[in-house]
Amino acid sequence: MSWSSRGECLSVGVKAHVLFSRLLSIDDYWNFLGSDTVAEIGRKMSDTAYDDVISTLPATPHRHDLESTIKNTLFTQAESFLFHMSSPRDTFFRTLMYRHEADNLKSIFRYIASGRTNRDELRRRLYMSKNSKISYDNALAARDFMELSEVLRGSQYYRVLAEPLRRLHTGEEHSLFPLEMALDLFVELSIYKALKKLEPSEKNRLMPIFGVRLDLYNIYILYRAHTFYSLTPEEALNRLLPARFRVTMQALREIVRMEDVSQINELLKNRFPQYAGLFSDAMADEHPHLSMERNIKRFIYTQARRVFGDGPPGFHTAVSYYILKEFEIADIVRIIEYVRYGHDRRSAAAYLTRPIVITGGETEWQ
């Protein structure tokens, strides 16, 4: 690694340490959950590191304005990191941000599928990055899937989404699942390709996060194919990422042909015990699908915490911090939703990514 690269890595690593110290505490989470209204959450956020952006909102902000303001702090921080980065690190970091564009596109897909015409509310909920090559004004104005496809022409998403968008438009396909799966596959594969272009030492530092993401992504796709969709084994396998970390292709072929989830858990327990606990824990929950998604995110969260603390500040520190920040913002948005709809707070807390409920200690897989 050159001296300029070392300086670059040290710079973003030190910056990440400063920002890490400003992440919310568990007490902050409980304080937000104890709110009676969304406006109260906004007032309480004024006493945290979000005070500078909250101050730009009215005293009683609309829920979606509050969410949008919080979400967009991700891009402000990403741009502050990118200012210090050169290729291939900046390429990898920008690729991480594709996930937020994917979330935006999925929201637009669902609006078009539902036949809604007023998109003003949706606009306020999107992640907005000045680096995006998508015209969200045009995307939100699209009346059907073919118009949206034309909006995406020239972007990195057009090639992979054009055919599933066409099939939805013509009625050959009625479910958004193939479309959203094509988008997820593109994003995850882009991240993996960008990861491989990093220097070996940086790639190895980050594999405990992104290798695990790869494994859990593939397992979860087969789980969803088994529990939600009537896919043949071949169709399900075609939706997997063409890369492996610990879970082998042979194991995935066995999983896709299993008749129930208990068999999947038994295979994981015997061959990949590091993942078995999060799966069995979810199956024992009264809301297994919510628990499964939470457990996968929490496992990655735990890996990111470990990578963040691994050695002196460096590029891995900035990346792992950014992932922790993404999870924090997703948790805040979820808390706003829980408060808005009056859900039981302790039950709500159980499904946040960050572990904040103490019920006799963390489970073994955490």
# chains A, B, ... in the order shown; residues from 1 in each chain; ligands from 1

call {"tool": "residues_around", "arguments": {"residues": "Arg89 of chain A", "least_positions_apart": "6", "cutoff": "9 Å", "atoms": "only C-alpha atoms", "output": "ChimeraX atom specification"}}
result
/A:82,194-195,197-198,315

call {"tool": "write_last_selection", "arguments": {"atoms": "N, CA and C atoms", "output": "mmCIF file, in the first residue's frame"}}
result
data_model
loop_
_atom_site.group_PDB
_atom_site.id
_atom_site.type_symbol
_atom_site.label_atom_id
_atom_site.label_comp_id
_atom_site.auth_asym_id
_atom_site.auth_seq_id
_atom_site.Cartn_x
_atom_site.Cartn_y
_atom_site.Cartn_z
ATOM 1 N N LEU A 82 -16.164 10.168 1.134
ATOM 2 C CA LEU A 82 -15.734 10.075 -0.264
ATOM 3 C C LEU A 82 -14.750 11.180 -0.647
ATOM 4 N N ALA A 194 -17.112 -5.043 -6.334
ATOM 5 C CA ALA A 194 -16.302 -3.905 -5.889
ATOM 6 C C ALA A 194 -15.387 -4.301 -4.736
ATOM 7 N N LEU A 195 -15.868 -5.203 -3.888
ATOM 8 C CA LEU A 195 -15.058 -5.691 -2.769
ATOM 9 C C LEU A 195 -13.816 -6.410 -3.285
ATOM 10 N N LYS A 197 -12.074 -5.857 -5.788
ATOM 11 C CA LYS A 197 -11.090 -4.953 -6.378
ATOM 12 C C LYS A 197 -10.283 -4.184 -5.321
ATOM 13 N N LEU A 198 -10.665 -4.328 -4.050
ATOM 14 C CA LEU A 198 -9.893 -3.688 -2.990
ATOM 15 C C LEU A 198 -8.565 -4.407 -2.802
ATOM 16 N N PHE A 315 -9.567 1.986 6.463
ATOM 17 C CA PHE A 315 -10.724 1.963 5.569
ATOM 18 C C PHE A 315 -11.815 1.057 6.125
#

call {"tool": "residues_around", "arguments": {"residues": "segment 293-295 of chain A", "least_positions_apart": "6", "cutoff": "6 Å", "atoms": "only C-alpha atoms", "output": "list in words"}}
result
Leu278, Tyr351 and Thr353 of chain A

call {"tool": "closest_residue", "arguments": {"among": "A:Arg94, A:Asn265, A:His62, A:Ala102", "to": "Met283 of chain A", "atoms": "only C-alpha atoms"}}
result
A:Asn265

call {"tool": "closest_residue", "arguments": {"among": "A:Val307, A:Ala251, A:Met292, A:Val160", "to": "Leu324 of chain A", "atoms": "only C-alpha atoms"}}
result
A:Val307

call {"tool": "atom_distance", "arguments": {"atom1": "atom CA of Leu179 of chain A", "atom2": "atom CA of Ala225 of chain A"}}
result
14.2 Å

call {"tool": "residues_around", "arguments": {"residues": "Asn31 of chain A", "least_positions_apart": "2", "cutoff": "12 Å", "atoms": "only C-alpha atoms", "output": "list of chain:residue names"}}
result
A:Leu24, A:Ser25, A:Ile26, A:Asp27, A:Asp28, A:Tyr29, A:Leu33, A:Gly34, A:Ser35, A:Asp36, A:Glu40, A:Ile41, A:Gly42, A:Arg43, A:Lys44, A:Met45, A:Asp47, A:Thr48, A:Ile332, A:Ile335, A:Ile336, A:Val339, A:Arg345, A:Ala349, A:Ile356

call {"tool": "select_by_dssp", "arguments": {"residues": "segment 68-184 of chain A", "states": "alpha helix (DSSP H)", "output": "VMD selection string"}}
result
chain A and resid 68 to 71 73 to 82 89 to 96 98 to 114 120 to 123 136 to 141 145 to 152 158 to 170 177 to 184

call {"tool": "closest_residue", "arguments": {"among": "A:Asp51, A:Asp215, A:Asp120, A:Glu180", "to": "Thr73 of chain A", "atoms": "only C-alpha atoms"}}
result
A:Asp51

call {"tool": "closest_residue", "arguments": {"among": "A:Glu121, A:Asp52, A:Glu150, A:Glu8", "to": "Phe83 of chain A", "atoms": "only C-alpha atoms"}}
result
A:Glu8

call {"tool": "residues_around", "arguments": {"residues": "segment 151-157 of chain A", "least_positions_apart": "6", "cutoff": "7 Å", "atoms": "only C-alpha atoms", "output": "MDAnalysis selection string"}}
result
chainID A and resid 133:134 138:139

call {"tool": "residues_around", "arguments": {"residues": "Gln77 of chain A", "least_positions_apart": "4", "cutoff": "12 Å", "atoms": "only C-alpha atoms", "output": "list in words"}}
result
Val12, Lys15, Ala16, Val18, Leu19, Phe20, Ile70, Lys71, Asn72, Thr73, Phe81, Leu82, Phe83, His84, Phe93, Met97, Ser129, Ala318, Val319, Tyr321, Tyr322, Ile323, Lys325 and Glu326 of chain A

call {"tool": "write_last_selection", "arguments": {"atoms": "C-alpha atoms", "output": "mmCIF file, in the first residue's frame"}}
result
data_model
loop_
_atom_site.group_PDB
_atom_site.id
_atom_site.type_symbol
_atom_site.label_atom_id
_atom_site.label_comp_id
_atom_site.auth_asym_id
_atom_site.auth_seq_id
_atom_site.Cartn_x
_atom_site.Cartn_y
_atom_site.Cartn_z
ATOM 1 C CA VAL A 12 -11.300 8.120 6.984
ATOM 2 C CA LYS A 15 -13.139 10.331 11.070
ATOM 3 C CA ALA A 16 -15.186 7.172 11.545
ATOM 4 C CA VAL A 18 -15.210 10.438 15.848
ATOM 5 C CA LEU A 19 -18.597 9.741 14.261
ATOM 6 C CA PHE A 20 -18.900 6.399 16.047
ATOM 7 C CA ILE A 70 -32.744 11.572 9.181
ATOM 8 C CA LYS A 71 -32.209 9.262 6.198
ATOM 9 C CA ASN A 72 -30.366 11.901 4.248
ATOM 10 C CA THR A 73 -27.734 12.287 6.966
ATOM 11 C CA PHE A 81 -15.847 10.077 3.535
ATOM 12 C CA LEU A 82 -15.734 10.075 -0.264
ATOM 13 C CA PHE A 83 -13.938 13.418 -0.246
ATOM 14 C CA HIS A 84 -10.884 11.602 1.171
ATOM 15 C CA PHE A 93 -18.185 3.009 -0.954
ATOM 16 C CA MET A 97 -25.035 3.391 -1.506
ATOM 17 C CA SER A 129 -28.458 11.704 -2.990
ATOM 18 C CA ALA A 318 -15.088 3.741 7.887
ATOM 19 C CA VAL A 319 -17.025 0.994 6.105
ATOM 20 C CA TYR A 321 -19.084 2.523 10.892
ATOM 21 C CA TYR A 322 -21.224 3.366 7.856
ATOM 22 C CA ILE A 323 -23.033 0.031 8.122
ATOM 23 C CA LYS A 325 -25.051 4.118 10.927
ATOM 24 C CA GLU A 326 -27.372 2.590 8.308
#

call {"tool": "closest_residue", "arguments": {"among": "A:Pro288, A:Leu126, A:Ala39, A:Ile264", "to": "Pro61 of chain A", "atoms": "only C-alpha atoms"}}
result
A:Ala39

call {"tool": "closest_residue", "arguments": {"among": "A:His169, A:Arg22, A:Arg257, A:Arg246", "to": "Gly211 of chain A", "atoms": "only C-alpha atoms"}}
result
A:Arg246

call {"tool": "atom_distance", "arguments": {"atom1": "atom CA of Val256 of chain A", "atom2": "atom CA of Ile221 of chain A"}}
result
9.6 Å

call {"tool": "closest_atom_pairs", "arguments": {"of": "segment 197-292 of chain A", "to": "segment 185-189 of chain A", "cutoff": "9 Å", "atoms": "only C-alpha atoms", "output": "Markdown table"}}
result
| residue | atom | partner | partner_atom | distance |
| --- | --- | --- | --- | --- |
| A:Arg213 | CA | A:Glu188 | CA | 8.8 |
| A:Leu214 | CA | A:Glu188 | CA | 7.9 |
| A:Tyr217 | CA | A:Glu188 | CA | 8.7 |
| A:Arg239 | CA | A:Leu185 | CA | 7.2 |
| A:Leu240 | CA | A:Leu185 | CA | 7.4 |
| A:Leu241 | CA | A:Leu185 | CA | 6.5 |
| A:Pro242 | CA | A:Leu189 | CA | 7.9 |
| A:Ala243 | CA | A:Leu189 | CA | 8.4 |

call {"tool": "write_last_selection", "arguments": {"atoms": "N, CA and C atoms", "output": "PDB file, in the first residue's frame"}}
result
ATOM      1  N   ARG A 213     -22.746 -11.489   4.847  1.00  0.00           N
ATOM      2  CA  ARG A 213     -23.899 -10.959   4.093  1.00  0.00           C
ATOM      3  C   ARG A 213     -24.230 -11.862   2.916  1.00  0.00           C
ATOM      4  N   LEU A 214     -23.186 -12.310   2.228  1.00  0.00           N
ATOM      5  CA  LEU A 214     -23.371 -13.164   1.066  1.00  0.00           C
ATOM      6  C   LEU A 214     -24.048 -14.474   1.470  1.00  0.00           C
ATOM      7  N   TYR A 217     -27.653 -13.818   2.695  1.00  0.00           N
ATOM      8  CA  TYR A 217     -28.495 -13.443   1.560  1.00  0.00           C
ATOM      9  C   TYR A 217     -28.975 -14.706   0.838  1.00  0.00           C
ATOM     10  N   ARG A 239     -31.754 -17.495  -8.473  1.00  0.00           N
ATOM     11  CA  ARG A 239     -31.848 -16.194  -7.823  1.00  0.00           C
ATOM     12  C   ARG A 239     -30.761 -15.985  -6.765  1.00  0.00           C
ATOM     13  N   LEU A 240     -29.841 -16.932  -6.669  1.00  0.00           N
ATOM     14  CA  LEU A 240     -28.747 -16.813  -5.702  1.00  0.00           C
ATOM     15  C   LEU A 240     -27.605 -15.998  -6.293  1.00  0.00           C
ATOM     16  N   LEU A 241     -26.806 -15.430  -5.397  1.00  0.00           N
ATOM     17  CA  LEU A 241     -25.597 -14.750  -5.840  1.00  0.00           C
ATOM     18  C   LEU A 241     -24.585 -15.782  -6.340  1.00  0.00           C
ATOM     19  N   PRO A 242     -23.914 -15.504  -7.447  1.00  0.00           N
ATOM     20  CA  PRO A 242     -22.939 -16.462  -7.990  1.00  0.00           C
ATOM     21  C   PRO A 242     -21.594 -16.371  -7.278  1.00  0.00           C
ATOM     22  N   ALA A 243     -21.626 -16.379  -5.965  1.00  0.00           N
ATOM     23  CA  ALA A 243     -20.403 -16.321  -5.158  1.00  0.00           C
ATOM     24  C   ALA A 243     -20.695 -16.999  -3.830  1.00  0.00           C
TER      25      ALA A 243
END

call {"tool": "residues_around", "arguments": {"residues": "Arg354 of chain A", "least_positions_apart": "4", "cutoff": "9 Å", "atoms": "only C-alpha atoms", "output": "compact mmCIF listing (two decimals) with C-alpha atoms, in the first residue's frame"}}
result
# COMPACT_ATOMS: atom_id res chain seq x y z
CA ILE A 26 -29.37 2.38 24.33
CA LYS A 297 -29.55 -7.80 10.25
CA ARG A 298 -28.45 -8.22 13.85
CA TYR A 301 -24.58 -5.58 12.88
CA THR A 302 -22.57 -7.69 15.33
CA PHE A 327 -28.78 0.22 10.90
CA GLU A 328 -29.21 3.07 13.40
CA ASP A 331 -34.08 1.60 13.65
CA ALA A 349 -37.94 -2.96 20.73

call {"tool": "atom_distance", "arguments": {"atom1": "atom CA of Ser11 of chain A", "atom2": "atom CA of His100 of chain A"}}
result
25.1 Å
